[in-house]
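Heads up, start.pdb below (PDB, C-alpha atoms):
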ATOM      1  CA  MET A 277     -11.509 233.176 112.169  1.00  0.00           C
ATOM      2  CA  PRO A 278     -11.367 229.396 112.773  1.00  0.00           C
ATOM      3  CA  LYS A 279     -14.401 227.406 111.689  1.00  0.00           C
ATOM      4  CA  VAL A 280     -16.553 226.210 114.594  1.00  0.00           C
ATOM      5  CA  VAL A 281     -16.951 222.446 114.399  1.00  0.00           C
ATOM      6  CA  ASP A 282     -20.002 220.741 115.889  1.00  0.00           C
ATOM      7  CA  HIS A 283     -18.347 217.581 117.170  1.00  0.00           C
ATOM      8  CA  ASP A 284     -21.605 215.909 118.210  1.00  0.00           C
ATOM      9  CA  GLN A 285     -23.001 216.470 114.725  1.00  0.00           C
ATOM     10  CA  ARG A 286     -19.861 214.998 113.192  1.00  0.00           C
ATOM     11  CA  ARG A 287     -20.237 211.872 115.295  1.00  0.00           C
ATOM     12  CA  VAL A 288     -23.829 211.483 114.108  1.00  0.00           C
ATOM     13  CA  GLU A 289     -22.711 211.980 110.486  1.00  0.00           C
ATOM     14  CA  LEU A 290     -20.184 209.209 110.960  1.00  0.00           C
ATOM     15  CA  VAL A 291     -22.845 206.900 112.407  1.00  0.00           C
ATOM     16  CA  ASP A 292     -25.112 207.647 109.445  1.00  0.00           C
ATOM     17  CA  ALA A 293     -22.238 206.844 107.081  1.00  0.00           C
ATOM     18  CA  THR A 294     -21.604 203.621 108.997  1.00  0.00           C
ATOM     19  CA  TRP A 295     -25.237 202.567 108.456  1.00  0.00           C
ATOM     20  CA  ARG A 296     -24.945 203.092 104.727  1.00  0.00           C
ATOM     21  CA  ILE A 297     -21.671 201.152 104.469  1.00  0.00           C
ATOM     22  CA  ILE A 298     -22.979 198.246 106.567  1.00  0.00           C
ATOM     23  CA  ALA A 299     -26.146 198.135 104.453  1.00  0.00           C
ATOM     24  CA  ARG A 300     -24.023 197.771 101.298  1.00  0.00           C
ATOM     25  CA  HIS A 301     -21.039 195.723 102.482  1.00  0.00           C
ATOM     26  CA  GLY A 302     -21.800 194.297 105.942  1.00  0.00           C
ATOM     27  CA  ILE A 303     -19.883 195.011 109.143  1.00  0.00           C
ATOM     28  CA  GLU A 304     -16.635 193.514 107.828  1.00  0.00           C
ATOM     29  CA  GLY A 305     -16.756 195.831 104.840  1.00  0.00           C
ATOM     30  CA  ALA A 306     -17.268 198.845 107.065  1.00  0.00           C
ATOM     31  CA  THR A 307     -13.616 199.839 107.329  1.00  0.00           C
ATOM     32  CA  MET A 308     -12.665 203.155 108.881  1.00  0.00           C
ATOM     33  CA  ARG A 309     -11.391 204.292 105.472  1.00  0.00           C
ATOM     34  CA  GLU A 310     -14.724 203.434 103.798  1.00  0.00           C
ATOM     35  CA  ILE A 311     -16.689 205.157 106.559  1.00  0.00           C
ATOM     36  CA  ALA A 312     -14.547 208.285 106.351  1.00  0.00           C
ATOM     37  CA  ALA A 313     -14.980 208.433 102.577  1.00  0.00           C
ATOM     38  CA  GLU A 314     -18.731 207.914 102.848  1.00  0.00           C
ATOM     39  CA  ALA A 315     -18.991 210.757 105.365  1.00  0.00           C
ATOM     40  CA  GLY A 316     -16.784 213.013 103.247  1.00  0.00           C
ATOM     41  CA  PHE A 317     -13.942 213.096 105.794  1.00  0.00           C
ATOM     42  CA  ALA A 318     -10.256 212.443 105.417  1.00  0.00           C
ATOM     43  CA  ASN A 319      -9.340 209.045 106.853  1.00  0.00           C
ATOM     44  CA  GLY A 320      -7.295 210.536 109.701  1.00  0.00           C
ATOM     45  CA  ALA A 321     -10.141 212.857 110.669  1.00  0.00           C
ATOM     46  CA  LEU A 322     -11.979 209.956 112.341  1.00  0.00           C
ATOM     47  CA  LYS A 323      -9.309 209.284 114.960  1.00  0.00           C
ATOM     48  CA  PRO A 324     -10.252 212.135 117.347  1.00  0.00           C
ATOM     49  CA  TYR A 325     -13.848 210.906 117.357  1.00  0.00           C
ATOM     50  CA  PHE A 326     -13.458 207.145 117.163  1.00  0.00           C
ATOM     51  CA  PRO A 327      -9.936 205.726 117.550  1.00  0.00           C
ATOM     52  CA  THR A 328     -11.191 202.277 116.477  1.00  0.00           C
ATOM     53  CA  LYS A 329     -14.142 200.746 114.639  1.00  0.00           C
ATOM     54  CA  ASP A 330     -15.106 199.177 117.951  1.00  0.00           C
ATOM     55  CA  ASP A 331     -15.508 202.640 119.483  1.00  0.00           C
ATOM     56  CA  LEU A 332     -17.629 203.696 116.532  1.00  0.00           C
ATOM     57  CA  LEU A 333     -19.840 200.616 116.861  1.00  0.00           C
ATOM     58  CA  THR A 334     -20.407 201.317 120.566  1.00  0.00           C
ATOM     59  CA  PHE A 335     -21.365 204.922 119.863  1.00  0.00           C
ATOM     60  CA  ALA A 336     -23.600 203.789 117.007  1.00  0.00           C
ATOM     61  CA  PHE A 337     -25.472 201.409 119.316  1.00  0.00           C
ATOM     62  CA  GLY A 338     -26.016 204.201 121.837  1.00  0.00           C
ATOM     63  CA  HIS A 339     -27.218 206.488 119.067  1.00  0.00           C
ATOM     64  CA  VAL A 340     -29.642 203.867 117.747  1.00  0.00           C
ATOM     65  CA  PHE A 341     -30.976 203.269 121.256  1.00  0.00           C
ATOM     66  CA  SER A 342     -31.492 207.002 121.833  1.00  0.00           C
ATOM     67  CA  GLN A 343     -33.194 207.477 118.465  1.00  0.00           C
ATOM     68  CA  THR A 344     -35.503 204.530 119.047  1.00  0.00           C
ATOM     69  CA  SER A 345     -36.381 205.680 122.562  1.00  0.00           C
ATOM     70  CA  GLU A 346     -37.179 209.169 121.282  1.00  0.00           C
ATOM     71  CA  ARG A 347     -39.463 207.695 118.614  1.00  0.00           C
ATOM     72  CA  MET A 348     -41.164 205.616 121.308  1.00  0.00           C
ATOM     73  CA  ARG A 349     -41.893 208.717 123.362  1.00  0.00           C
ATOM     74  CA  ALA A 350     -43.344 210.478 120.333  1.00  0.00           C
ATOM     75  CA  ALA A 351     -45.334 207.440 119.173  1.00  0.00           C
ATOM     76  CA  THR A 352     -46.969 206.858 122.571  1.00  0.00           C
ATOM     77  CA  ALA A 353     -47.640 210.511 123.447  1.00  0.00           C
ATOM     78  CA  GLY A 354     -51.342 210.952 124.149  1.00  0.00           C
ATOM     79  CA  LYS A 355     -51.998 207.208 123.851  1.00  0.00           C
ATOM     80  CA  SER A 356     -52.706 204.624 126.525  1.00  0.00           C
ATOM     81  CA  GLY A 357     -53.415 200.943 126.966  1.00  0.00           C
ATOM     82  CA  LEU A 358     -52.880 198.448 124.183  1.00  0.00           C
ATOM     83  CA  VAL A 359     -52.733 201.219 121.574  1.00  0.00           C
ATOM     84  CA  ALA A 360     -49.693 202.701 123.345  1.00  0.00           C
ATOM     85  CA  LEU A 361     -48.129 199.275 123.902  1.00  0.00           C
ATOM     86  CA  ARG A 362     -48.502 198.451 120.207  1.00  0.00           C
ATOM     87  CA  ALA A 363     -47.051 201.809 119.133  1.00  0.00           C
ATOM     88  CA  TYR A 364     -44.096 201.330 121.485  1.00  0.00           C
ATOM     89  CA  CYS A 365     -43.234 197.927 120.014  1.00  0.00           C
ATOM     90  CA  HIS A 366     -43.544 199.222 116.447  1.00  0.00           C
ATOM     91  CA  GLU A 367     -40.584 201.546 117.005  1.00  0.00           C
ATOM     92  CA  ILE A 368     -38.278 198.552 117.634  1.00  0.00           C
ATOM     93  CA  LEU A 369     -39.658 196.329 114.894  1.00  0.00           C
ATOM     94  CA  PRO A 370     -37.744 196.728 111.593  1.00  0.00           C
ATOM     95  CA  LEU A 371     -40.693 198.093 109.625  1.00  0.00           C
ATOM     96  CA  ASP A 372     -38.876 200.516 107.308  1.00  0.00           C
ATOM     97  CA  ASP A 373     -35.426 201.268 105.904  1.00  0.00           C
ATOM     98  CA  VAL A 374     -34.380 203.320 108.940  1.00  0.00           C
ATOM     99  CA  ARG A 375     -35.275 200.599 111.433  1.00  0.00           C
ATOM    100  CA  ILE A 376     -33.725 197.880 109.257  1.00  0.00           C
ATOM    101  CA  SER A 377     -30.511 199.925 109.121  1.00  0.00           C
ATOM    102  CA  GLU A 378     -30.639 200.218 112.894  1.00  0.00           C
ATOM    103  CA  ALA A 379     -30.927 196.436 113.126  1.00  0.00           C
ATOM    104  CA  ARG A 380     -27.802 196.100 110.993  1.00  0.00           C
ATOM    105  CA  ILE A 381     -25.944 198.206 113.564  1.00  0.00           C
ATOM    106  CA  VAL A 382     -27.366 196.340 116.554  1.00  0.00           C
ATOM    107  CA  ILE A 383     -26.609 192.827 115.313  1.00  0.00           C
ATOM    108  CA  PRO A 384     -22.798 193.240 115.138  1.00  0.00           C
ATOM    109  CA  PHE A 385     -22.906 195.094 118.456  1.00  0.00           C
ATOM    110  CA  TRP A 386     -24.549 192.045 120.035  1.00  0.00           C
ATOM    111  CA  GLN A 387     -21.765 189.867 118.653  1.00  0.00           C
ATOM    112  CA  LYS A 388     -19.147 192.125 120.253  1.00  0.00           C
ATOM    113  CA  ALA A 389     -21.067 192.272 123.539  1.00  0.00           C
ATOM    114  CA  LEU A 390     -20.754 188.500 123.947  1.00  0.00           C
ATOM    115  CA  SER A 391     -17.076 188.908 124.795  1.00  0.00           C
ATOM    116  CA  ASP A 392     -16.872 192.560 125.893  1.00  0.00           C
ATOM    117  CA  PRO A 393     -18.239 193.233 129.413  1.00  0.00           C
ATOM    118  CA  THR A 394     -18.448 196.987 128.824  1.00  0.00           C
ATOM    119  CA  LYS A 395     -20.634 196.509 125.753  1.00  0.00           C
ATOM    120  CA  ALA A 396     -22.679 193.871 127.572  1.00  0.00           C
ATOM    121  CA  ASP A 397     -23.310 196.293 130.449  1.00  0.00           C
ATOM    122  CA  LEU A 398     -24.370 199.026 128.018  1.00  0.00           C
ATOM    123  CA  HIS A 399     -26.779 196.643 126.332  1.00  0.00           C
ATOM    124  CA  ASP A 400     -28.211 195.407 129.636  1.00  0.00           C
ATOM    125  CA  ALA A 401     -28.789 198.957 130.901  1.00  0.00           C
ATOM    126  CA  SER A 402     -30.476 199.930 127.636  1.00  0.00           C
ATOM    127  CA  MET A 403     -32.771 196.904 127.571  1.00  0.00           C
ATOM    128  CA  LEU A 404     -33.676 197.455 131.237  1.00  0.00           C
ATOM    129  CA  GLN A 405     -35.021 200.903 130.303  1.00  0.00           C
ATOM    130  CA  TRP A 406     -37.229 199.363 127.617  1.00  0.00           C
ATOM    131  CA  ARG A 407     -38.483 196.606 129.922  1.00  0.00           C
ATOM    132  CA  GLN A 408     -39.358 199.167 132.593  1.00  0.00           C
ATOM    133  CA  ALA A 409     -41.258 201.265 130.058  1.00  0.00           C
ATOM    134  CA  LEU A 410     -43.126 198.175 128.835  1.00  0.00           C
ATOM    135  CA  LEU A 411     -44.085 197.364 132.428  1.00  0.00           C
ATOM    136  CA  VAL A 412     -45.595 200.827 132.853  1.00  0.00           C
ATOM    137  CA  LEU A 413     -47.629 200.400 129.664  1.00  0.00           C
ATOM    138  CA  LEU A 414     -48.702 196.867 130.565  1.00  0.00           C
ATOM    139  CA  THR A 415     -49.789 198.003 134.042  1.00  0.00           C
ATOM    140  CA  GLU A 416     -51.967 200.645 132.354  1.00  0.00           C
ATOM    141  CA  CYS A 417     -53.484 197.908 130.202  1.00  0.00           C
ATOM    142  CA  ARG A 418     -54.283 195.791 133.260  1.00  0.00           C
ATOM    143  CA  THR A 419     -55.753 198.764 135.141  1.00  0.00           C
ATOM    144  CA  SER A 420     -57.980 199.743 132.223  1.00  0.00           C
ATOM    145  CA  GLY A 421     -59.195 196.156 131.806  1.00  0.00           C
ATOM    146  CA  GLU A 422     -57.715 195.711 128.327  1.00  0.00           C
ATOM    147  CA  VAL A 423     -55.494 192.751 129.281  1.00  0.00           C
ATOM    148  CA  HIS A 424     -57.118 189.680 130.812  1.00  0.00           C
ATOM    149  CA  THR A 425     -54.498 186.956 130.488  1.00  0.00           C
ATOM    150  CA  ARG A 426     -53.227 185.183 133.587  1.00  0.00           C
ATOM    151  CA  VAL A 427     -49.712 185.122 132.132  1.00  0.00           C
ATOM    152  CA  SER A 428     -47.442 187.154 134.423  1.00  0.00           C
ATOM    153  CA  ASP A 429     -46.301 190.638 133.436  1.00  0.00           C
ATOM    154  CA  THR A 430     -42.689 189.468 133.615  1.00  0.00           C
ATOM    155  CA  ASP A 431     -43.359 186.719 131.075  1.00  0.00           C
ATOM    156  CA  ILE A 432     -45.338 189.038 128.791  1.00  0.00           C
ATOM    157  CA  ILE A 433     -42.540 191.602 128.757  1.00  0.00           C
ATOM    158  CA  GLY A 434     -39.980 188.865 128.156  1.00  0.00           C
ATOM    159  CA  HIS A 435     -42.013 187.597 125.214  1.00  0.00           C
ATOM    160  CA  LEU A 436     -42.456 191.065 123.721  1.00  0.00           C
ATOM    161  CA  MET A 437     -38.718 191.753 123.993  1.00  0.00           C
ATOM    162  CA  THR A 438     -37.943 188.420 122.353  1.00  0.00           C
ATOM    163  CA  VAL A 439     -40.369 189.190 119.539  1.00  0.00           C
ATOM    164  CA  VAL A 440     -39.158 192.702 118.744  1.00  0.00           C
ATOM    165  CA  LEU A 441     -35.440 192.000 119.156  1.00  0.00           C
ATOM    166  CA  GLY A 442     -35.644 188.679 117.344  1.00  0.00           C
ATOM    167  CA  ALA A 443     -37.421 190.414 114.482  1.00  0.00           C
ATOM    168  CA  GLN A 444     -34.355 192.593 113.975  1.00  0.00           C
ATOM    169  CA  ILE A 445     -32.372 189.467 113.125  1.00  0.00           C
ATOM    170  CA  THR A 446     -34.970 187.727 110.993  1.00  0.00           C
ATOM    171  CA  ALA A 447     -35.906 190.837 109.006  1.00  0.00           C
ATOM    172  CA  ALA A 448     -32.258 191.643 108.324  1.00  0.00           C
ATOM    173  CA  LEU A 449     -31.392 188.087 107.263  1.00  0.00           C
ATOM    174  CA  SER A 450     -34.554 187.048 105.418  1.00  0.00           C
ATOM    175  CA  PRO A 451     -36.703 190.096 104.653  1.00  0.00           C
ATOM    176  CA  ALA A 452     -38.853 188.264 102.096  1.00  0.00           C
ATOM    177  CA  GLU A 453     -40.180 185.931 104.799  1.00  0.00           C
ATOM    178  CA  HIS A 454     -40.477 188.660 107.449  1.00  0.00           C
ATOM    179  CA  SER A 455     -42.080 191.643 105.768  1.00  0.00           C
ATOM    180  CA  PRO A 456     -43.335 194.618 107.792  1.00  0.00           C
ATOM    181  CA  ASN A 457     -46.918 193.438 107.342  1.00  0.00           C
ATOM    182  CA  GLN A 458     -46.040 189.976 108.632  1.00  0.00           C
ATOM    183  CA  LEU A 459     -44.240 191.384 111.669  1.00  0.00           C
ATOM    184  CA  ILE A 460     -47.190 193.650 112.479  1.00  0.00           C
ATOM    185  CA  THR A 461     -49.653 190.759 112.107  1.00  0.00           C
ATOM    186  CA  GLN A 462     -47.568 188.585 114.458  1.00  0.00           C
ATOM    187  CA  LEU A 463     -47.426 191.320 117.092  1.00  0.00           C
ATOM    188  CA  ASP A 464     -51.134 192.047 116.775  1.00  0.00           C
ATOM    189  CA  GLY A 465     -51.923 188.361 117.147  1.00  0.00           C
ATOM    190  CA  TYR A 466     -50.050 188.222 120.456  1.00  0.00           C
ATOM    191  CA  LEU A 467     -51.664 191.419 121.743  1.00  0.00           C
ATOM    192  CA  GLN A 468     -55.054 189.954 120.856  1.00  0.00           C
ATOM    193  CA  LEU A 469     -54.272 186.909 122.987  1.00  0.00           C
ATOM    194  CA  LEU A 470     -53.418 189.202 125.895  1.00  0.00           C
ATOM    195  CA  ALA A 471     -56.683 191.056 125.446  1.00  0.00           C
ATOM    196  CA  THR A 472     -58.889 187.974 125.291  1.00  0.00           C
ATOM    197  CA  GLY A 473     -57.168 186.189 128.158  1.00  0.00           C
ATOM    198  CA  ASP A 474     -56.379 183.050 126.145  1.00  0.00           C
TER     199      ASP A 474
END
Target format structure tokens, applied to this file:
Amino acid sequence: MPKVVDHDQRRVELVDATWRIIARHGIEGATMREIAAEAGFANGALKPYFPTKDDLLTFAFGHVFSQTSERMRAATAGKSGLVALRAYCHEILPLDDVRISEARIVIPFWQKALSDPTKADLHDASMLQWRQALLVLLTECRTSGEVHTRVSDTDIIGHLMTVVLGAQITAALSPAEHSPNQLITQLDGYLQLLATGD
């Protein structure tokens, strides 16, 4: 009887292998042959799933976004106000090996999105979901009286997105100067300013 292959699981295995290769050799070193070997597949076995490395990178970005969003839901469950807002942001910040690996996937995707409208649209749609979720959390903070600043919600969300996404670059490029503790302290400092109204 033919073996039943879980194609979705295989795609995830390939993304996981891609993370490990990029962590060791960078995006340029992540050849399809290297990725196949890392995942334990024959080189030609990748073609039905990802005809090109570009296709793999696009899927990897979507997978990272889905994973992060799922963590956000879990991290904020049962929480509200600034506690929930802080927990939400923590899931984007590169605070551990998993989230740093995710950043190493996202950074080359951004580079590709600069000249690829399809990738740019995927990125825009993904970031819109996060901004909308942040607005919901920030509105809760305002309603509960935890945020007193006169800075507009639009500007606050823009700043938070800049902080968490920018941290993916700085932590990947210079981790010694942007440790998890430093990133958390920076975020907490900004949230404190929102709370005090300064």
**Message:** At a cut-off of 6 Å around the point (-57.1, 192.3, 128.6) (file coordinates), what residues fall inside when counting all atoms listed in the file? I'd like the answer as a PyMOL selection string.
**Reply:** chain A and resi 421-424+470-472
**Message:** Show me, as an MDAnalysis selection string, the residues that have an atom within 7 Å of region 305-311 of chain A when counting all atoms listed in the file, minus same-chain residues fewer than 6 positions from it.
**Reply:** chainID A and resid 290 293:294 297:298 319 329
Would you put the residues from that selection into a file with C-alpha atoms, as a PDB file, in the frame of the given file?
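As a result, again04.pdb now contains:
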ATOM      1  CA  LEU A 290     -20.184 209.209 110.960  1.00  0.00           C
ATOM      2  CA  ALA A 293     -22.238 206.844 107.081  1.00  0.00           C
ATOM      3  CA  THR A 294     -21.604 203.621 108.997  1.00  0.00           C
ATOM      4  CA  ILE A 297     -21.671 201.152 104.469  1.00  0.00           C
ATOM      5  CA  ILE A 298     -22.979 198.246 106.567  1.00  0.00           C
ATOM      6  CA  ASN A 319      -9.340 209.045 106.853  1.00  0.00           C
ATOM      7  CA  LYS A 329     -14.142 200.746 114.639  1.00  0.00           C
TER       8      LYS A 329
END
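The closest residue to Tyr325 (chain A), picked from A:Lys355, A:Lys395, A:His283, A:Lys388 and counting all atoms listed in the file, is A:His283.
Between CA of Ala401 (chain A) and CA of Asp372 (chain A) lies a distance of 25.7 Å.
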**Shortest interatomic distance to Leu404 (chain A) - which of A:Gly320, A:Gly465, A:Gly354, A:Gly434, counting all atoms listed in the file** =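 Nearest to Leu404 (chain A): A:Gly434.
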**Message:** Just the number, please: distance in Å from CA of Tyr466 (chain A) to CA of Ala396 (chain A), one decimal.
**Reply:**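 Rounded to one decimal, the two atoms are 28.8 Å apart.
CA of Thr344 (chain A) lies 13.0 Å from CA of Gln444 (chain A).
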What are the nearest atom pairs, with distances in Å to one decimal, for all residues of region 360-440 of chain A that come at most 8 Å from region 347-351 of chain A, using all atoms listed in the file, set out by chain and rising residue number as a Markdown table?
| residue | atom | partner | partner_atom | distance |
| --- | --- | --- | --- | --- |
| A:Ala360 | CA | A:Ala351 | CA | 7.7 |
| A:Ala363 | CA | A:Ala351 | CA | 5.9 |
| A:Tyr364 | CA | A:Met348 | CA | 5.2 |
| A:Glu367 | CA | A:Met348 | CA | 6.0 |
**Top pick for closest residue to Leu441 (chain A), considering A:Glu289, A:Asp373, A:Glu346, A:Glu378 and counting only C-alpha atoms** =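 Ranked by minimum distance to Leu441 (chain A), first place goes to A:Glu378.
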Tell me, counting all atoms listed in the file, for each residue of region 322-403 of chain A within 8 Å of region 452-462 of chain A, which pair of atoms is nearest and how far apart they are in Å to one decimal, in rows ordered by chain and increasing number, as CSV.
residue,atom,partner,partner_atom,distance
A:His366,CA,A:Ile460,CA,7.8
A:Leu369,CA,A:Leu459,CA,7.5
A:Pro370,CA,A:Pro456,CA,7.1
A:Leu371,CA,A:Pro456,CA,4.7
A:Asp372,CA,A:Pro456,CA,7.4
**Asked** What do you get, as a ChimeraX atom specification, if you spell out every residue that the PyMOL selection byres ((chain A and resi 428) around 12) selects here?
**Response** /A:411,414-415,418,423-427,429-435,470,473
**Request:** Determine, counting all atoms listed in the file, which protein, DNA and RNA residues have an atom within 12 Å of an atom of Arg380 (chain A); residues of the same chain fewer than 6 positions away are not included. Present the result as JSON, numbers by chain.
**Result:** {"A": [291, 292, 294, 295, 296, 297, 298, 299, 300, 301, 302, 303, 304, 306, 333, 336, 337, 340, 370, 373, 374, 386, 387, 441, 443, 444, 445, 446, 447, 448, 449]}
Restrict the selected residues to C-alpha atoms and save them as a PDB file, keeping the file's coordinate frame.
ATOM      1  CA  VAL A 291     -22.845 206.900 112.407  1.00  0.00           C
ATOM      2  CA  ASP A 292     -25.112 207.647 109.445  1.00  0.00           C
ATOM      3  CA  THR A 294     -21.604 203.621 108.997  1.00  0.00           C
ATOM      4  CA  TRP A 295     -25.237 202.567 108.456  1.00  0.00           C
ATOM      5  CA  ARG A 296     -24.945 203.092 104.727  1.00  0.00           C
ATOM      6  CA  ILE A 297     -21.671 201.152 104.469  1.00  0.00           C
ATOM      7  CA  ILE A 298     -22.979 198.246 106.567  1.00  0.00           C
ATOM      8  CA  ALA A 299     -26.146 198.135 104.453  1.00  0.00           C
ATOM      9  CA  ARG A 300     -24.023 197.771 101.298  1.00  0.00           C
ATOM     10  CA  HIS A 301     -21.039 195.723 102.482  1.00  0.00           C
ATOM     11  CA  GLY A 302     -21.800 194.297 105.942  1.00  0.00           C
ATOM     12  CA  ILE A 303     -19.883 195.011 109.143  1.00  0.00           C
ATOM     13  CA  GLU A 304     -16.635 193.514 107.828  1.00  0.00           C
ATOM     14  CA  ALA A 306     -17.268 198.845 107.065  1.00  0.00           C
ATOM     15  CA  LEU A 333     -19.840 200.616 116.861  1.00  0.00           C
ATOM     16  CA  ALA A 336     -23.600 203.789 117.007  1.00  0.00           C
ATOM     17  CA  PHE A 337     -25.472 201.409 119.316  1.00  0.00           C
ATOM     18  CA  VAL A 340     -29.642 203.867 117.747  1.00  0.00           C
ATOM     19  CA  PRO A 370     -37.744 196.728 111.593  1.00  0.00           C
ATOM     20  CA  ASP A 373     -35.426 201.268 105.904  1.00  0.00           C
ATOM     21  CA  VAL A 374     -34.380 203.320 108.940  1.00  0.00           C
ATOM     22  CA  TRP A 386     -24.549 192.045 120.035  1.00  0.00           C
ATOM     23  CA  GLN A 387     -21.765 189.867 118.653  1.00  0.00           C
ATOM     24  CA  LEU A 441     -35.440 192.000 119.156  1.00  0.00           C
ATOM     25  CA  ALA A 443     -37.421 190.414 114.482  1.00  0.00           C
ATOM     26  CA  GLN A 444     -34.355 192.593 113.975  1.00  0.00           C
ATOM     27  CA  ILE A 445     -32.372 189.467 113.125  1.00  0.00           C
ATOM     28  CA  THR A 446     -34.970 187.727 110.993  1.00  0.00           C
ATOM     29  CA  ALA A 447     -35.906 190.837 109.006  1.00  0.00           C
ATOM     30  CA  ALA A 448     -32.258 191.643 108.324  1.00  0.00           C
ATOM     31  CA  LEU A 449     -31.392 188.087 107.263  1.00  0.00           C
TER      32      LEU A 449
END
**Item:** Pick from A:Leu358, A:Met437, A:Leu332, A:Cys417 nearest to Met403 (chain A), counting all atoms listed in the file
**Value:**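 Checking each candidate against Met403 (chain A), we get A:Met437 as the closest.
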**Asked** Which one is closest to Phe317 (chain A): A:Arg287, A:Ser420, A:Leu463, A:Pro393? Count all atoms listed in the file.
**Response**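 Closest residue, counting all atoms listed in the file: A:Arg287.
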When you write region 288-294 of chain A out from the block above, keep all heavy atoms and present the result as a PDB file, in the first residue's frame, please.
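out20.pdb was written with the following content:
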ATOM      1  N   VAL A 288       6.280  22.381   6.112  1.00  0.00           N
ATOM      2  CA  VAL A 288       6.754  22.936   7.379  1.00  0.00           C
ATOM      3  C   VAL A 288       8.160  22.429   7.683  1.00  0.00           C
ATOM      4  O   VAL A 288       9.020  23.182   8.153  1.00  0.00           O
ATOM      5  CB  VAL A 288       5.778  22.584   8.520  1.00  0.00           C
ATOM      6  CG1 VAL A 288       6.363  22.982   9.876  1.00  0.00           C
ATOM      7  CG2 VAL A 288       4.436  23.284   8.310  1.00  0.00           C
ATOM      8  N   GLU A 289       8.426  21.150   7.417  1.00  0.00           N
ATOM      9  CA  GLU A 289       9.762  20.591   7.637  1.00  0.00           C
ATOM     10  C   GLU A 289      10.797  21.319   6.777  1.00  0.00           C
ATOM     11  O   GLU A 289      11.914  21.583   7.228  1.00  0.00           O
ATOM     12  CB  GLU A 289       9.769  19.099   7.307  1.00  0.00           C
ATOM     13  CG  GLU A 289       9.019  18.244   8.326  1.00  0.00           C
ATOM     14  CD  GLU A 289       8.825  16.815   7.847  1.00  0.00           C
ATOM     15  OE1 GLU A 289       9.336  16.470   6.763  1.00  0.00           O
ATOM     16  OE2 GLU A 289       8.154  16.041   8.558  1.00  0.00           O
ATOM     17  N   LEU A 290      10.410  21.655   5.578  1.00  0.00           N
ATOM     18  CA  LEU A 290      11.321  22.381   4.696  1.00  0.00           C
ATOM     19  C   LEU A 290      11.572  23.801   5.202  1.00  0.00           C
ATOM     20  O   LEU A 290      12.690  24.312   5.114  1.00  0.00           O
ATOM     21  CB  LEU A 290      10.769  22.411   3.271  1.00  0.00           C
ATOM     22  CG  LEU A 290      10.806  21.067   2.537  1.00  0.00           C
ATOM     23  CD1 LEU A 290       9.978  21.119   1.259  1.00  0.00           C
ATOM     24  CD2 LEU A 290      12.241  20.666   2.221  1.00  0.00           C
ATOM     25  N   VAL A 291      10.538  24.439   5.734  1.00  0.00           N
ATOM     26  CA  VAL A 291      10.714  25.774   6.317  1.00  0.00           C
ATOM     27  C   VAL A 291      11.641  25.694   7.523  1.00  0.00           C
ATOM     28  O   VAL A 291      12.541  26.517   7.680  1.00  0.00           O
ATOM     29  CB  VAL A 291       9.347  26.384   6.715  1.00  0.00           C
ATOM     30  CG1 VAL A 291       9.544  27.629   7.568  1.00  0.00           C
ATOM     31  CG2 VAL A 291       8.539  26.728   5.468  1.00  0.00           C
ATOM     32  N   ASP A 292      11.443  24.693   8.374  1.00  0.00           N
ATOM     33  CA  ASP A 292      12.315  24.528   9.536  1.00  0.00           C
ATOM     34  C   ASP A 292      13.775  24.320   9.105  1.00  0.00           C
ATOM     35  O   ASP A 292      14.699  24.872   9.705  1.00  0.00           O
ATOM     36  CB  ASP A 292      11.853  23.345  10.386  1.00  0.00           C
ATOM     37  CG  ASP A 292      10.535  23.624  11.100  1.00  0.00           C
ATOM     38  OD1 ASP A 292      10.174  24.817  11.221  1.00  0.00           O
ATOM     39  OD2 ASP A 292       9.873  22.666  11.525  1.00  0.00           O
ATOM     40  N   ALA A 293      13.963  23.527   8.052  1.00  0.00           N
ATOM     41  CA  ALA A 293      15.313  23.304   7.535  1.00  0.00           C
ATOM     42  C   ALA A 293      15.892  24.605   6.986  1.00  0.00           C
ATOM     43  O   ALA A 293      17.086  24.891   7.156  1.00  0.00           O
ATOM     44  CB  ALA A 293      15.290  22.234   6.447  1.00  0.00           C
ATOM     45  N   THR A 294      15.051  25.394   6.344  1.00  0.00           N
ATOM     46  CA  THR A 294      15.492  26.682   5.795  1.00  0.00           C
ATOM     47  C   THR A 294      15.987  27.588   6.915  1.00  0.00           C
ATOM     48  O   THR A 294      17.021  28.248   6.787  1.00  0.00           O
ATOM     49  CB  THR A 294      14.342  27.366   5.033  1.00  0.00           C
ATOM     50  OG1 THR A 294      13.899  26.490   3.995  1.00  0.00           O
ATOM     51  CG2 THR A 294      14.799  28.671   4.418  1.00  0.00           C
TER      52      THR A 294
END
